file query-v7.cif (mmCIF, C-alpha atoms)
data_upload
loop_
_atom_site.label_atom_id
_atom_site.label_comp_id
_atom_site.auth_asym_id
_atom_site.auth_seq_id
_atom_site.Cartn_x
_atom_site.Cartn_y
_atom_site.Cartn_z
CA MET A 996 -157.04 7.82 163.08
CA SER A 997 -154.54 7.47 165.91
CA GLU A 998 -151.10 9.00 165.80
CA ASP A 999 -149.27 5.69 165.71
CA GLY A 1000 -151.22 4.09 162.98
CA GLY A 1001 -154.72 3.30 164.17
CA SER A 1002 -156.21 0.69 161.92
CA ALA A 1003 -154.21 1.68 158.88
CA PRO A 1004 -153.04 -1.18 156.69
CA HIS A 1005 -149.36 -1.89 156.35
CA ALA A 1006 -147.53 -0.11 153.56
CA PRO A 1007 -146.10 -2.34 150.82
CA ARG A 1008 -142.50 -3.41 151.16
CA GLY A 1009 -140.17 -0.90 149.53
CA VAL A 1010 -142.90 1.72 149.09
CA VAL A 1011 -143.74 4.66 151.31
CA THR A 1012 -147.19 5.92 150.46
CA GLY A 1013 -148.97 9.18 151.00
CA LYS A 1014 -148.10 12.85 150.99
CA GLY A 1015 -146.67 13.13 154.46
CA THR A 1016 -148.62 16.21 155.47
CA GLY A 1017 -148.69 15.44 159.16
CA PRO A 1018 -147.50 13.12 161.88
CA GLY A 1019 -150.02 10.38 161.19
CA PRO A 1020 -149.50 7.27 159.02
CA LEU A 1021 -149.35 7.47 155.29
CA ALA A 1022 -152.21 5.18 154.30
CA HIS A 1023 -155.02 5.14 151.74
CA ARG A 1024 -153.13 7.64 149.60
CA PRO A 1025 -151.36 7.36 146.25
CA PRO A 1026 -147.61 6.84 146.17
CA ALA A 1027 -145.52 9.99 146.25
CA ARG A 1028 -141.85 10.05 145.31
CA ARG A 1029 -141.35 13.27 147.26
CA THR A 1030 -142.58 11.77 150.50
CA SER A 1031 -140.45 8.67 150.01
CA LEU A 1032 -137.38 10.88 149.53
CA LEU A 1033 -138.26 12.88 152.63
CA VAL A 1034 -138.60 9.76 154.77
CA THR A 1035 -135.28 8.53 153.40
CA LEU A 1036 -133.63 11.81 154.41
CA ILE A 1037 -135.16 11.60 157.88
CA LEU A 1038 -133.90 8.05 158.36
CA GLY A 1039 -130.48 9.18 157.18
CA GLY A 1040 -130.56 11.97 159.75
CA LEU A 1041 -131.45 9.51 162.50
CA THR A 1042 -128.61 7.16 161.57
CA ALA A 1043 -126.30 10.21 161.59
CA THR A 1044 -126.87 10.60 165.34
CA PRO A 1045 -123.65 8.72 166.34
CA PRO A 1046 -121.28 10.65 164.01
CA LEU A 1047 -122.93 13.93 164.96
CA ALA A 1048 -122.60 13.16 168.67
CA MET A 1049 -118.99 12.04 168.39
CA ASP A 1050 -117.31 13.49 165.32
CA THR A 1051 -118.22 17.15 165.88
CA TYR A 1052 -116.61 16.76 169.31
CA LEU A 1053 -113.45 14.96 168.14
CA PRO A 1054 -111.32 18.03 167.28
CA ALA A 1055 -112.01 19.33 170.80
CA LEU A 1056 -110.64 16.27 172.65
CA PRO A 1057 -107.14 17.74 173.22
CA GLU A 1058 -108.75 20.98 174.45
CA VAL A 1059 -111.00 19.06 176.86
CA THR A 1060 -107.92 17.42 178.39
CA ARG A 1061 -106.49 20.88 179.10
CA SER A 1062 -109.73 22.58 180.11
CA LEU A 1063 -110.87 19.92 182.59
CA HIS A 1064 -107.32 18.93 183.63
CA ALA A 1065 -107.90 15.29 182.74
CA PRO A 1066 -105.58 12.73 181.10
CA ALA A 1067 -106.23 11.65 177.52
CA ALA A 1068 -107.36 8.15 178.53
CA THR A 1069 -110.01 9.65 180.85
CA VAL A 1070 -111.23 12.09 178.20
CA GLN A 1071 -111.59 9.18 175.77
CA LEU A 1072 -114.03 7.70 178.27
CA THR A 1073 -116.46 10.43 177.19
CA LEU A 1074 -116.57 8.59 173.85
CA THR A 1075 -116.83 5.23 175.58
CA ALA A 1076 -119.71 6.41 177.79
CA CYS A 1077 -121.63 7.66 174.77
CA LEU A 1078 -121.11 4.34 172.99
CA VAL A 1079 -122.11 2.27 176.03
CA GLY A 1080 -125.24 4.39 176.37
CA MET A 1081 -126.13 3.87 172.72
CA ALA A 1082 -125.58 0.14 173.13
CA LEU A 1083 -127.74 -0.29 176.24
CA GLY A 1084 -130.39 2.15 175.04
CA GLN A 1085 -130.98 0.10 171.91
CA LEU A 1086 -131.73 -3.00 174.00
CA VAL A 1087 -134.59 -1.07 175.60
CA VAL A 1088 -135.88 1.03 172.71
CA GLY A 1089 -135.77 -1.70 170.03
CA PRO A 1090 -138.24 -4.06 171.75
CA MET A 1091 -140.34 -1.04 172.81
CA SER A 1092 -140.75 -0.12 169.15
CA ASP A 1093 -141.90 -3.67 168.36
CA ARG A 1094 -144.60 -3.30 171.01
CA TRP A 1095 -145.74 0.34 170.75
CA GLY A 1096 -144.76 1.28 167.21
CA ARG A 1097 -141.84 3.29 165.95
CA ARG A 1098 -142.93 6.91 166.49
CA ARG A 1099 -143.60 7.22 170.20
CA PRO A 1100 -140.33 5.68 171.48
CA LEU A 1101 -138.43 7.66 168.86
CA LEU A 1102 -139.89 11.02 169.84
CA ALA A 1103 -139.34 10.36 173.55
CA GLY A 1104 -135.73 9.38 172.92
CA LEU A 1105 -135.02 12.48 170.86
CA ALA A 1106 -136.45 14.74 173.59
CA VAL A 1107 -134.14 13.26 176.22
CA TYR A 1108 -131.22 13.39 173.78
CA VAL A 1109 -131.64 17.15 173.35
CA LEU A 1110 -131.72 17.67 177.13
CA ALA A 1111 -128.64 15.50 177.72
CA THR A 1112 -126.66 17.27 174.99
CA ALA A 1113 -127.47 20.66 176.49
CA LEU A 1114 -126.30 19.41 179.91
CA CYS A 1115 -122.98 18.29 178.40
CA ALA A 1116 -122.25 21.94 177.57
CA LEU A 1117 -122.63 22.80 181.26
CA ALA A 1118 -120.50 19.98 182.71
CA PRO A 1119 -118.12 21.37 185.38
CA ASP A 1120 -115.66 18.46 185.38
CA ILE A 1121 -114.77 15.33 183.43
CA GLU A 1122 -116.78 12.96 185.66
CA VAL A 1123 -120.01 14.92 185.11
CA LEU A 1124 -119.29 15.16 181.38
CA ILE A 1125 -118.88 11.38 181.21
CA ALA A 1126 -122.21 10.92 183.02
CA PHE A 1127 -124.07 13.27 180.67
CA ARG A 1128 -122.45 11.62 177.66
CA LEU A 1129 -123.79 8.30 178.92
CA LEU A 1130 -127.30 9.80 179.08
CA GLN A 1131 -126.81 11.29 175.64
CA GLY A 1132 -125.97 7.87 174.28
CA LEU A 1133 -128.87 6.13 176.05
CA SER A 1134 -131.39 8.52 174.53
CA GLY A 1135 -129.70 8.89 171.16
CA ALA A 1136 -129.98 5.12 170.71
CA ALA A 1137 -133.65 5.60 169.78
CA GLY A 1138 -132.81 7.16 166.44
CA ILE A 1139 -130.30 4.48 165.48
CA VAL A 1140 -132.28 1.38 166.38
CA ILE A 1141 -135.65 2.63 165.13
CA ALA A 1142 -134.23 3.83 161.81
CA ARG A 1143 -132.97 0.31 161.12
CA ALA A 1144 -136.30 -1.19 162.20
CA VAL A 1145 -138.18 1.16 159.87
CA VAL A 1146 -135.97 0.05 156.98
CA ARG A 1147 -136.83 -3.57 157.81
CA ASP A 1148 -140.53 -2.61 157.91
CA LEU A 1149 -140.28 -1.30 154.36
CA TYR A 1150 -137.71 -3.40 152.55
CA ASP A 1151 -136.54 -7.00 152.01
CA GLY A 1152 -133.38 -8.71 150.80
CA VAL A 1153 -131.37 -6.97 148.09
CA ALA A 1154 -133.61 -3.88 148.25
CA MET A 1155 -132.78 -3.56 151.93
CA ALA A 1156 -129.04 -3.76 151.25
CA ARG A 1157 -129.38 -1.06 148.61
CA PHE A 1158 -131.35 1.13 150.99
CA PHE A 1159 -128.72 0.77 153.71
CA SER A 1160 -126.13 1.94 151.19
CA THR A 1161 -128.36 4.92 150.42
CA LEU A 1162 -128.59 5.71 154.12
CA MET A 1163 -124.81 5.54 154.27
CA LEU A 1164 -124.67 8.24 151.60
CA ILE A 1165 -126.96 10.49 153.63
CA SER A 1166 -125.64 9.77 157.10
CA GLY A 1167 -122.09 9.72 155.74
CA VAL A 1168 -122.29 13.47 155.17
CA ALA A 1169 -122.21 13.86 158.96
CA PRO A 1170 -118.65 12.51 159.44
CA ILE A 1171 -117.50 14.86 156.67
CA VAL A 1172 -119.26 17.96 157.91
CA ALA A 1173 -119.16 17.32 161.66
CA PRO A 1174 -115.38 17.57 162.28
CA LEU A 1175 -115.18 20.56 159.93
CA ILE A 1176 -117.92 22.27 161.92
CA GLY A 1177 -116.22 21.26 165.16
CA GLY A 1178 -112.92 22.71 164.00
CA GLN A 1179 -114.57 25.98 162.97
CA ILE A 1180 -116.53 26.20 166.22
CA LEU A 1181 -113.24 25.95 168.10
CA ARG A 1182 -112.06 29.06 166.25
CA VAL A 1183 -114.72 31.20 167.93
CA THR A 1184 -115.51 29.37 171.17
CA ASP A 1185 -114.45 26.41 173.27
CA TRP A 1186 -115.53 22.75 173.39
CA ARG A 1187 -118.76 23.67 175.20
CA GLY A 1188 -119.93 25.50 172.09
CA VAL A 1189 -119.76 22.20 170.21
CA PHE A 1190 -122.48 20.78 172.44
CA VAL A 1191 -124.59 23.90 172.00
CA VAL A 1192 -124.54 23.31 168.24
CA LEU A 1193 -125.42 19.63 168.75
CA THR A 1194 -128.37 20.67 170.92
CA VAL A 1195 -129.75 22.88 168.17
CA VAL A 1196 -129.35 20.09 165.61
CA GLY A 1197 -131.19 17.70 167.92
CA VAL A 1198 -134.10 20.12 168.29
CA LEU A 1199 -134.40 20.52 164.52
CA LEU A 1200 -134.26 16.76 163.90
CA GLY A 1201 -136.90 16.09 166.55
CA ALA A 1202 -139.22 18.66 165.00
CA VAL A 1203 -138.91 17.12 161.53
CA VAL A 1204 -139.49 13.62 162.89
CA TRP A 1205 -142.60 14.75 164.76
CA ALA A 1206 -144.02 16.49 161.69
CA ARG A 1207 -143.07 14.17 158.86
CA LEU A 1208 -142.03 10.64 159.80
CA PRO A 1209 -144.98 8.22 159.51
CA GLU A 1210 -145.63 5.13 161.56
CA THR A 1211 -144.42 2.06 159.65
CA LEU A 1212 -145.47 -0.69 162.07
CA PRO A 1213 -149.28 -1.04 162.20
CA PRO A 1214 -150.97 -2.32 165.39
CA ALA A 1215 -151.72 -5.69 163.80
CA GLU A 1216 -147.99 -6.44 163.53
CA ARG A 1217 -146.98 -5.28 167.01
CA HIS A 1218 -146.23 -7.62 169.90
CA SER A 1219 -148.30 -7.33 173.04
CA GLY A 1220 -146.03 -9.54 175.15
CA GLY A 1221 -143.80 -8.21 177.89
CA VAL A 1222 -140.22 -8.83 178.92
CA GLY A 1223 -140.58 -12.60 178.56
CA GLU A 1224 -141.57 -12.40 174.90
CA THR A 1225 -138.81 -9.89 174.21
CA LEU A 1226 -136.16 -12.10 175.78
CA GLY A 1227 -137.56 -15.10 173.96
CA SER A 1228 -137.32 -13.37 170.59
CA MET A 1229 -133.75 -12.29 171.33
CA ARG A 1230 -132.79 -15.81 172.36
CA GLY A 1231 -134.26 -17.12 169.13
CA LEU A 1232 -132.27 -14.62 167.11
CA LEU A 1233 -129.01 -15.39 168.91
CA ALA A 1234 -129.63 -19.12 168.45
CA ASP A 1235 -129.43 -18.52 164.70
CA ARG A 1236 -125.72 -19.06 164.07
CA ALA A 1237 -125.65 -16.99 160.89
CA PHE A 1238 -127.43 -14.04 162.53
CA THR A 1239 -124.99 -14.12 165.45
CA GLY A 1240 -122.09 -14.44 163.03
CA TYR A 1241 -123.12 -11.32 161.11
CA LEU A 1242 -123.75 -9.56 164.42
CA LEU A 1243 -120.21 -10.28 165.66
CA THR A 1244 -118.67 -9.55 162.26
CA GLY A 1245 -120.24 -6.12 162.16
CA GLY A 1246 -119.39 -5.45 165.79
CA PHE A 1247 -115.68 -6.20 165.49
CA ALA A 1248 -115.44 -4.38 162.16
CA PHE A 1249 -116.90 -1.36 163.91
CA ALA A 1250 -114.33 -1.78 166.70
CA ALA A 1251 -111.59 -1.30 164.09
CA LEU A 1252 -113.41 1.79 162.87
CA PHE A 1253 -113.96 3.18 166.35
CA ALA A 1254 -110.33 2.63 167.30
CA TYR A 1255 -109.61 5.09 164.50
CA ILE A 1256 -112.35 7.49 165.63
CA SER A 1257 -111.13 7.47 169.21
CA ALA A 1258 -107.38 7.65 168.63
CA SER A 1259 -107.03 9.68 165.44
CA PRO A 1260 -107.40 13.14 167.08
CA PHE A 1261 -104.32 12.39 169.18
CA VAL A 1262 -102.43 10.46 166.48
CA ILE A 1263 -102.94 13.09 163.79
CA GLN A 1264 -102.66 16.20 165.97
CA GLU A 1265 -100.30 15.26 168.80
CA ILE A 1266 -97.98 12.76 167.08
CA TYR A 1267 -97.91 14.21 163.55
CA GLY A 1268 -98.45 17.86 164.54
CA ALA A 1269 -101.52 18.60 162.43
CA SER A 1270 -103.91 21.41 163.39
CA PRO A 1271 -107.54 20.74 164.37
CA GLN A 1272 -108.57 22.05 160.96
CA THR A 1273 -106.16 19.72 159.12
CA PHE A 1274 -107.40 16.81 161.19
CA SER A 1275 -110.97 17.73 160.30
CA LEU A 1276 -110.12 17.82 156.59
CA LEU A 1277 -108.44 14.41 156.73
CA PHE A 1278 -111.34 12.97 158.69
CA GLY A 1279 -113.76 14.36 156.13
CA LEU A 1280 -111.72 12.90 153.26
CA ASN A 1281 -111.85 9.48 154.88
CA SER A 1282 -115.61 9.80 155.20
CA VAL A 1283 -115.83 10.64 151.49
CA GLY A 1284 -114.08 7.36 150.78
CA LEU A 1285 -116.59 5.51 152.94
CA ILE A 1286 -119.51 7.16 151.12
CA VAL A 1287 -118.13 6.51 147.63
CA VAL A 1288 -117.46 2.84 148.35
CA GLY A 1289 -120.88 2.55 149.99
CA GLN A 1290 -122.51 3.85 146.83
CA ILE A 1291 -120.49 1.48 144.65
CA ASN A 1292 -121.74 -1.26 146.93
CA GLY A 1293 -125.39 -0.22 146.65
CA LYS A 1294 -125.53 0.85 143.02
CA VAL A 1295 -123.11 -1.57 141.35
CA LEU A 1296 -122.37 -4.63 143.48
CA VAL A 1297 -125.64 -5.38 145.28
CA GLY A 1298 -127.85 -7.50 143.04
CA ARG A 1299 -124.95 -8.49 140.81
CA VAL A 1300 -122.54 -10.06 143.31
CA ARG A 1301 -123.57 -12.17 146.26
CA LEU A 1302 -123.52 -10.06 149.44
CA ASP A 1303 -121.35 -12.57 151.31
CA ARG A 1304 -118.65 -12.28 148.66
CA VAL A 1305 -118.71 -8.49 148.74
CA LEU A 1306 -118.46 -8.58 152.53
CA ALA A 1307 -115.50 -10.96 152.35
CA VAL A 1308 -113.60 -8.52 150.11
CA GLY A 1309 -114.36 -5.65 152.46
CA LEU A 1310 -113.06 -7.55 155.48
CA ALA A 1311 -109.89 -8.56 153.62
CA VAL A 1312 -109.17 -4.90 152.77
CA VAL A 1313 -109.69 -3.86 156.40
CA VAL A 1314 -107.24 -6.52 157.59
CA LEU A 1315 -104.59 -5.46 155.07
CA ALA A 1316 -104.96 -1.75 155.89
CA ALA A 1317 -104.74 -2.42 159.63
CA ALA A 1318 -101.63 -4.55 159.13
CA ALA A 1319 -99.99 -1.77 157.13
CA LEU A 1320 -100.82 0.75 159.86
CA LEU A 1321 -99.24 -1.46 162.50
CA LEU A 1322 -96.03 -1.79 160.49
CA MET A 1323 -95.82 1.99 160.07
CA ALA A 1324 -96.70 2.77 163.69
CA ALA A 1325 -94.12 0.30 164.98
CA GLY A 1326 -91.40 1.86 162.80
CA ALA A 1327 -90.87 -1.27 160.73
CA LEU A 1328 -91.04 0.85 157.57
CA GLY A 1329 -88.99 3.73 158.95
CA ASP A 1330 -90.18 7.25 159.65
CA VAL A 1331 -93.02 7.35 157.14
CA GLY A 1332 -94.66 10.63 158.16
CA LEU A 1333 -98.32 11.64 158.01
CA VAL A 1334 -99.15 10.97 154.35
CA PRO A 1335 -98.73 7.15 154.31
CA VAL A 1336 -100.54 6.82 157.64
CA ALA A 1337 -103.39 8.97 156.36
CA ALA A 1338 -103.54 6.87 153.17
CA ALA A 1339 -103.83 3.61 155.14
CA LEU A 1340 -106.56 5.13 157.33
CA PHE A 1341 -108.37 6.22 154.17
CA VAL A 1342 -108.33 2.67 152.81
CA LEU A 1343 -109.56 1.24 156.11
CA MET A 1344 -112.40 3.76 156.39
CA SER A 1345 -113.40 3.29 152.75
CA ALA A 1346 -113.71 -0.48 153.20
CA MET A 1347 -116.32 0.16 155.89
CA GLY A 1348 -118.60 1.27 153.05
CA ILE A 1349 -118.81 -2.40 152.13
CA THR A 1350 -118.69 -4.10 155.51
CA MET A 1351 -121.19 -2.09 157.57
CA PRO A 1352 -124.29 -1.99 155.29
CA ASN A 1353 -123.89 -5.59 154.17
CA THR A 1354 -123.53 -7.06 157.66
CA GLN A 1355 -126.69 -5.20 158.72
CA ALA A 1356 -128.65 -6.28 155.67
CA LEU A 1357 -127.53 -9.91 155.88
CA ALA A 1358 -128.40 -10.08 159.57
CA LEU A 1359 -131.82 -8.45 159.23
CA THR A 1360 -132.83 -10.75 156.38
CA ARG A 1361 -132.81 -13.51 158.97
CA THR A 1362 -135.95 -12.11 160.63
CA ARG A 1363 -139.09 -10.20 159.76
CA ARG A 1364 -141.33 -10.34 162.84
CA HIS A 1365 -138.84 -9.00 165.37
CA ALA A 1366 -137.07 -6.24 163.45
CA GLY A 1367 -136.84 -3.97 166.50
CA SER A 1368 -135.25 -6.64 168.68
CA ALA A 1369 -132.89 -7.69 165.88
CA SER A 1370 -131.90 -4.08 165.29
CA ALA A 1371 -131.33 -3.65 169.03
CA LEU A 1372 -129.04 -6.68 169.19
CA LEU A 1373 -127.08 -5.47 166.17
CA GLY A 1374 -126.66 -1.99 167.58
CA THR A 1375 -125.90 -3.10 171.12
CA SER A 1376 -123.17 -5.53 170.09
CA THR A 1377 -121.66 -2.97 167.72
CA PHE A 1378 -121.46 -0.18 170.25
CA LEU A 1379 -120.40 -2.36 173.20
CA ILE A 1380 -117.54 -3.89 171.22
CA GLY A 1381 -116.62 -0.44 169.91
CA ALA A 1382 -116.71 0.97 173.44
CA VAL A 1383 -114.07 -1.54 174.53
CA ALA A 1384 -111.78 -0.32 171.75
CA SER A 1385 -111.83 3.30 172.94
CA PRO A 1386 -109.85 3.00 176.20
CA LEU A 1387 -107.51 0.37 174.72
CA VAL A 1388 -106.13 2.75 172.12
CA GLY A 1389 -105.06 5.18 174.85
CA ILE A 1390 -103.29 2.68 177.12
CA ALA A 1391 -99.78 3.65 175.98
CA GLY A 1392 -100.47 7.40 176.16
CA GLU A 1393 -100.73 10.09 173.51
CA HIS A 1394 -97.35 9.67 171.84
CA THR A 1395 -97.61 6.38 169.94
CA ALA A 1396 -100.03 5.03 167.34
CA VAL A 1397 -99.14 1.39 168.02
CA PRO A 1398 -102.13 0.68 170.35
CA MET A 1399 -104.55 2.04 167.74
CA ALA A 1400 -103.07 -0.17 165.03
CA VAL A 1401 -102.95 -3.25 167.27
CA VAL A 1402 -106.62 -2.86 168.22
CA GLN A 1403 -107.60 -2.32 164.59
CA LEU A 1404 -105.77 -5.39 163.34
CA ALA A 1405 -107.00 -7.63 166.17
CA ALA A 1406 -110.60 -6.50 165.67
CA ALA A 1407 -110.42 -7.01 161.91
CA LEU A 1408 -109.01 -10.52 162.30
CA VAL A 1409 -111.73 -11.48 164.80
CA ALA A 1410 -114.39 -10.09 162.46
CA ALA A 1411 -113.04 -12.17 159.59
CA ALA A 1412 -112.93 -15.28 161.80
CA CYS A 1413 -116.55 -14.82 162.92
CA PHE A 1414 -117.65 -14.33 159.33
CA THR A 1415 -115.97 -17.44 157.97
CA GLY A 1416 -116.60 -19.68 160.98
CA MET A 1417 -120.21 -18.78 161.82
CA CYS A 1418 -121.77 -17.37 158.64
CA ARG A 1419 -120.19 -19.99 156.36
CA PRO A 1420 -120.33 -17.73 153.29
CA TRP A 1421 -119.40 -20.54 150.90
CA LYS A 1422 -122.79 -22.21 151.50
CA PRO A 1423 -125.75 -21.18 149.31
CA ARG A 1424 -128.53 -19.40 151.20
CA SER A 1425 -132.01 -18.24 150.28
CA THR A 1426 -132.60 -14.49 149.91
CA GLU A 1427 -134.57 -14.31 153.13
CA GLU A 1428 -135.00 -16.72 156.01
CA GLU A 1429 -137.61 -16.10 158.66
CA SER A 1430 -136.76 -16.48 162.32
#
call {"tool": "encode", "arguments": {"input": "query-v7.cif", "output": "structure tokens"}}
result
Amino acid sequence: MSEDGGSAPHAPRGVVTGKGTGPGPLAHRPPARRTSLLVTLILGGLTATPPLAMDTYLPALPEVTRSLHAPAATVQLTLTACLVGMALGQLVVGPMSDRWGRRRPLLAGLAVYVLATALCALAPDIEVLIAFRLLQGLSGAAGIVIARAVVRDLYDGVAMARFFSTLMLISGVAPIVAPLIGGQILRVTDWRGVFVVLTVVGVLLGAVVWARLPETLPPAERHSGGVGETLGSMRGLLADRAFTGYLLTGGFAFAALFAYISASPFVIQEIYGASPQTFSLLFGLNSVGLIVVGQINGKVLVGRVRLDRVLAVGLAVVVLAAAALLLMAAGALGDVGLVPVAAALFVLMSAMGITMPNTQALALTRTRRHAGSASALLGTSTFLIGAVASPLVGIAGEHTAVPMAVVQLAAALVAAACFTGMCRPWKPRSTEEES
């Protein structure tokens, strides 16, 4: 039997079969709860690639500005470059996984990711660091896009929404642990040590994927066409107004989130005087809120409340939190201090536990045959829109939080407009619509 599936039949939706004793497919074997849990953990690890690549590095941003003698806005481009790379990489890797299966593109991407991360630790100046971060993002995109495609291979409808919430629980540990690790690393070494740790994590993840993640897309369901077929499938997806609406909704919601990710190290540490360790604790607390709300979404709301309605509530909360942050940053409420600002950021981050998994699930239910291409479009739009937010929050320098709040509120309002205008959530819709 070949490594990428051979002639193995497709596993049933929602069920991962077999014992997972090697890199081959899990076929012709009885179901095993242990293997299913292991695959879930692996997929969670792959979706944790962005927070691991960015959040561990966040407490070091002020140090990078001093070490490489670069302004804050330029250092924030290291985040933008990583995001742009993840966006463009998904456009390539997603369709590749529809054609050649999930495993081979994933393993190749992880290998390059490890190399690029190691090179980041050796960067002599900010320009080289930005270039290596771009390569890191391009290769790291494989884990993100293929993890989503694997979920679509295995699950449908409500089950898929629940599984995305489960992945948020697993991958959500990364934003909690990563800044804490980054802050502790900075106690014993400099920002370069952060990338050394990320390199080791990448090696371990690649080894587990090679040994334990099965192929979920059998040859019979792959597409043999070239660039023309790929572009055609993407055009068909984008022609679906609801799919595009969910795509833009998720992208602009993520822009509000990434404005926080990009600006908060300077807002919390430089404006409010918190230490890297305090910033890491606050960042971790916000991530706990995201995880808890994500689990409420998956365990309580999904299957009981229509996903569109849950998403609408999440977007409304994001808009309100962003508006409150703008009022505080602009001084309209007086000198409020760190605690109210941190509370508003906590609410905004927590609401992402509703918006992100539900936009992905609702978009992917619009297609079955082109899950890789759909996942690529979702990821590319999300990261490209988020990448635009990064430099915008630093336009006014390091000493005001107004740009961060303005970007967050504008992005949240656009997300809400795309959702209501293009997805038309008030209209009844079948559980799954093929495209």
call {"tool": "closest_residue", "arguments": {"input": "query-v7.cif", "among": "A:Leu1321, A:Arg1363, A:Pro1271, A:Asp1148", "to": "Ala1405 (chain A)", "atoms": "only C-alpha atoms"}}
result
A:Leu1321
call {"tool": "closest_residue", "arguments": {"input": "query-v7.cif", "among": "A:Arg1236, A:Arg1061, A:Arg1207, A:Lys1294", "to": "Arg1419 (chain A)", "atoms": "all atoms listed in the file"}}
result
A:Arg1236
call {"tool": "residues_near_point", "arguments": {"input": "query-v7.cif", "point": "(-106.0, -6.4, 161.2)", "cutoff": "6 Å", "atoms": "only C-alpha atoms", "output": "VMD selection string"}}
result
chain A and resid 1314 1317 to 1318 1403 to 1405 1407 to 1408
call {"tool": "residues_around", "arguments": {"input": "query-v7.cif", "residues": "Val1146 (chain A)", "least_positions_apart": "6", "cutoff": "9 Å", "atoms": "only C-alpha atoms", "output": "PyMOL selection string"}}
result
chain A and resi 1009+1038+1155+1158-1159
call {"tool": "resolve_selection", "arguments": {"input": "query-v7.cif", "expression": "the PyMOL selection byres ((chain A and resi 1382) around 8)", "output": "number ranges by chain"}}
result
A: 1074-1076, 1078-1079, 1250, 1253, 1378-1381, 1383-1386
call {"tool": "closest_residue", "arguments": {"input": "query-v7.cif", "among": "A:Leu1083, A:Val1123, A:Ala1116, A:Ala1411", "to": "Ala1136 (chain A)", "atoms": "all atoms listed in the file"}}
result
A:Leu1083
call {"tool": "closest_atom_pairs", "arguments": {"input": "query-v7.cif", "of": "region 1360-1425 of chain A", "to": "region 1334-1353 of chain A", "cutoff": "12 Å", "atoms": "all atoms listed in the file", "output": "tab-separated table"}}
result
residue	atom	partner	partner_atom	distance
A:Thr1360	CA	A:Asn1353	CA	10.6
A:Leu1373	CA	A:Met1351	CA	11.0
A:Gly1374	CA	A:Met1351	CA	11.4
A:Thr1377	CA	A:Met1351	CA	10.2
A:Ala1396	CA	A:Val1336	CA	9.9
A:Val1397	CA	A:Val1336	CA	11.8
A:Met1399	CA	A:Leu1340	CA	11.0
A:Ala1400	CA	A:Leu1340	CA	10.0
A:Gln1403	CA	A:Leu1343	CA	9.4
A:Leu1404	CA	A:Leu1343	CA	10.5
A:Ala1407	CA	A:Leu1343	CA	10.1
A:Ala1410	CA	A:Thr1350	CA	10.1
A:Ala1411	CA	A:Thr1350	CA	10.7
A:Phe1414	CA	A:Thr1350	CA	11.0
call {"tool": "residues_around", "arguments": {"input": "query-v7.cif", "residues": "Thr1194 (chain A)", "least_positions_apart": "3", "cutoff": "8 Å", "atoms": "all atoms listed in the file", "output": "ChimeraX atom specification"}}
result
/A:1109-1110,1112-1113,1190-1191,1197-1198
call {"tool": "residues_around", "arguments": {"input": "query-v7.cif", "residues": "region 1225-1230 of chain A", "least_positions_apart": "2", "cutoff": "12 Å", "atoms": "only C-alpha atoms", "output": "ChimeraX atom specification"}}
result
/A:1086-1094,1217-1223,1232-1236,1238-1239,1362-1373,1430
call {"tool": "build_atoms", "arguments": {"input": "query-v7.cif", "residues": "region 1095-1104 of chain A", "atoms": "N, CA and C atoms", "output": "mmCIF file, in the coordinates of the input"}}
result
data_model
loop_
_atom_site.group_PDB
_atom_site.id
_atom_site.type_symbol
_atom_site.label_atom_id
_atom_site.label_comp_id
_atom_site.auth_asym_id
_atom_site.auth_seq_id
_atom_site.Cartn_x
_atom_site.Cartn_y
_atom_site.Cartn_z
ATOM 1 N N TRP A 1095 -144.938 -0.884 170.791
ATOM 2 C CA TRP A 1095 -145.740 0.340 170.750
ATOM 3 C C TRP A 1095 -145.626 1.113 169.441
ATOM 4 N N GLY A 1096 -144.945 0.553 168.462
ATOM 5 C CA GLY A 1096 -144.760 1.280 167.210
ATOM 6 C C GLY A 1096 -143.465 2.061 167.230
ATOM 7 N N ARG A 1097 -143.135 2.636 166.090
ATOM 8 C CA ARG A 1097 -141.840 3.290 165.950
ATOM 9 C C ARG A 1097 -141.831 4.743 166.426
ATOM 10 N N ARG A 1098 -142.942 5.461 166.262
ATOM 11 C CA ARG A 1098 -142.930 6.910 166.490
ATOM 12 C C ARG A 1098 -142.781 7.309 167.951
ATOM 13 N N ARG A 1099 -143.591 6.746 168.820
ATOM 14 C CA ARG A 1099 -143.600 7.220 170.200
ATOM 15 C C ARG A 1099 -142.263 7.009 170.917
ATOM 16 N N PRO A 1100 -141.658 5.816 170.859
ATOM 17 C CA PRO A 1100 -140.330 5.680 171.480
ATOM 18 C C PRO A 1100 -139.281 6.584 170.847
ATOM 19 N N LEU A 1101 -139.395 6.813 169.546
ATOM 20 C CA LEU A 1101 -138.430 7.660 168.860
ATOM 21 C C LEU A 1101 -138.517 9.100 169.339
ATOM 22 N N LEU A 1102 -139.717 9.633 169.411
ATOM 23 C CA LEU A 1102 -139.890 11.020 169.840
ATOM 24 C C LEU A 1102 -139.451 11.215 171.287
ATOM 25 N N ALA A 1103 -139.770 10.252 172.150
ATOM 26 C CA ALA A 1103 -139.340 10.360 173.550
ATOM 27 C C ALA A 1103 -137.819 10.345 173.652
ATOM 28 N N GLY A 1104 -137.180 9.456 172.888
ATOM 29 C CA GLY A 1104 -135.730 9.380 172.920
ATOM 30 C C GLY A 1104 -135.070 10.661 172.440
#
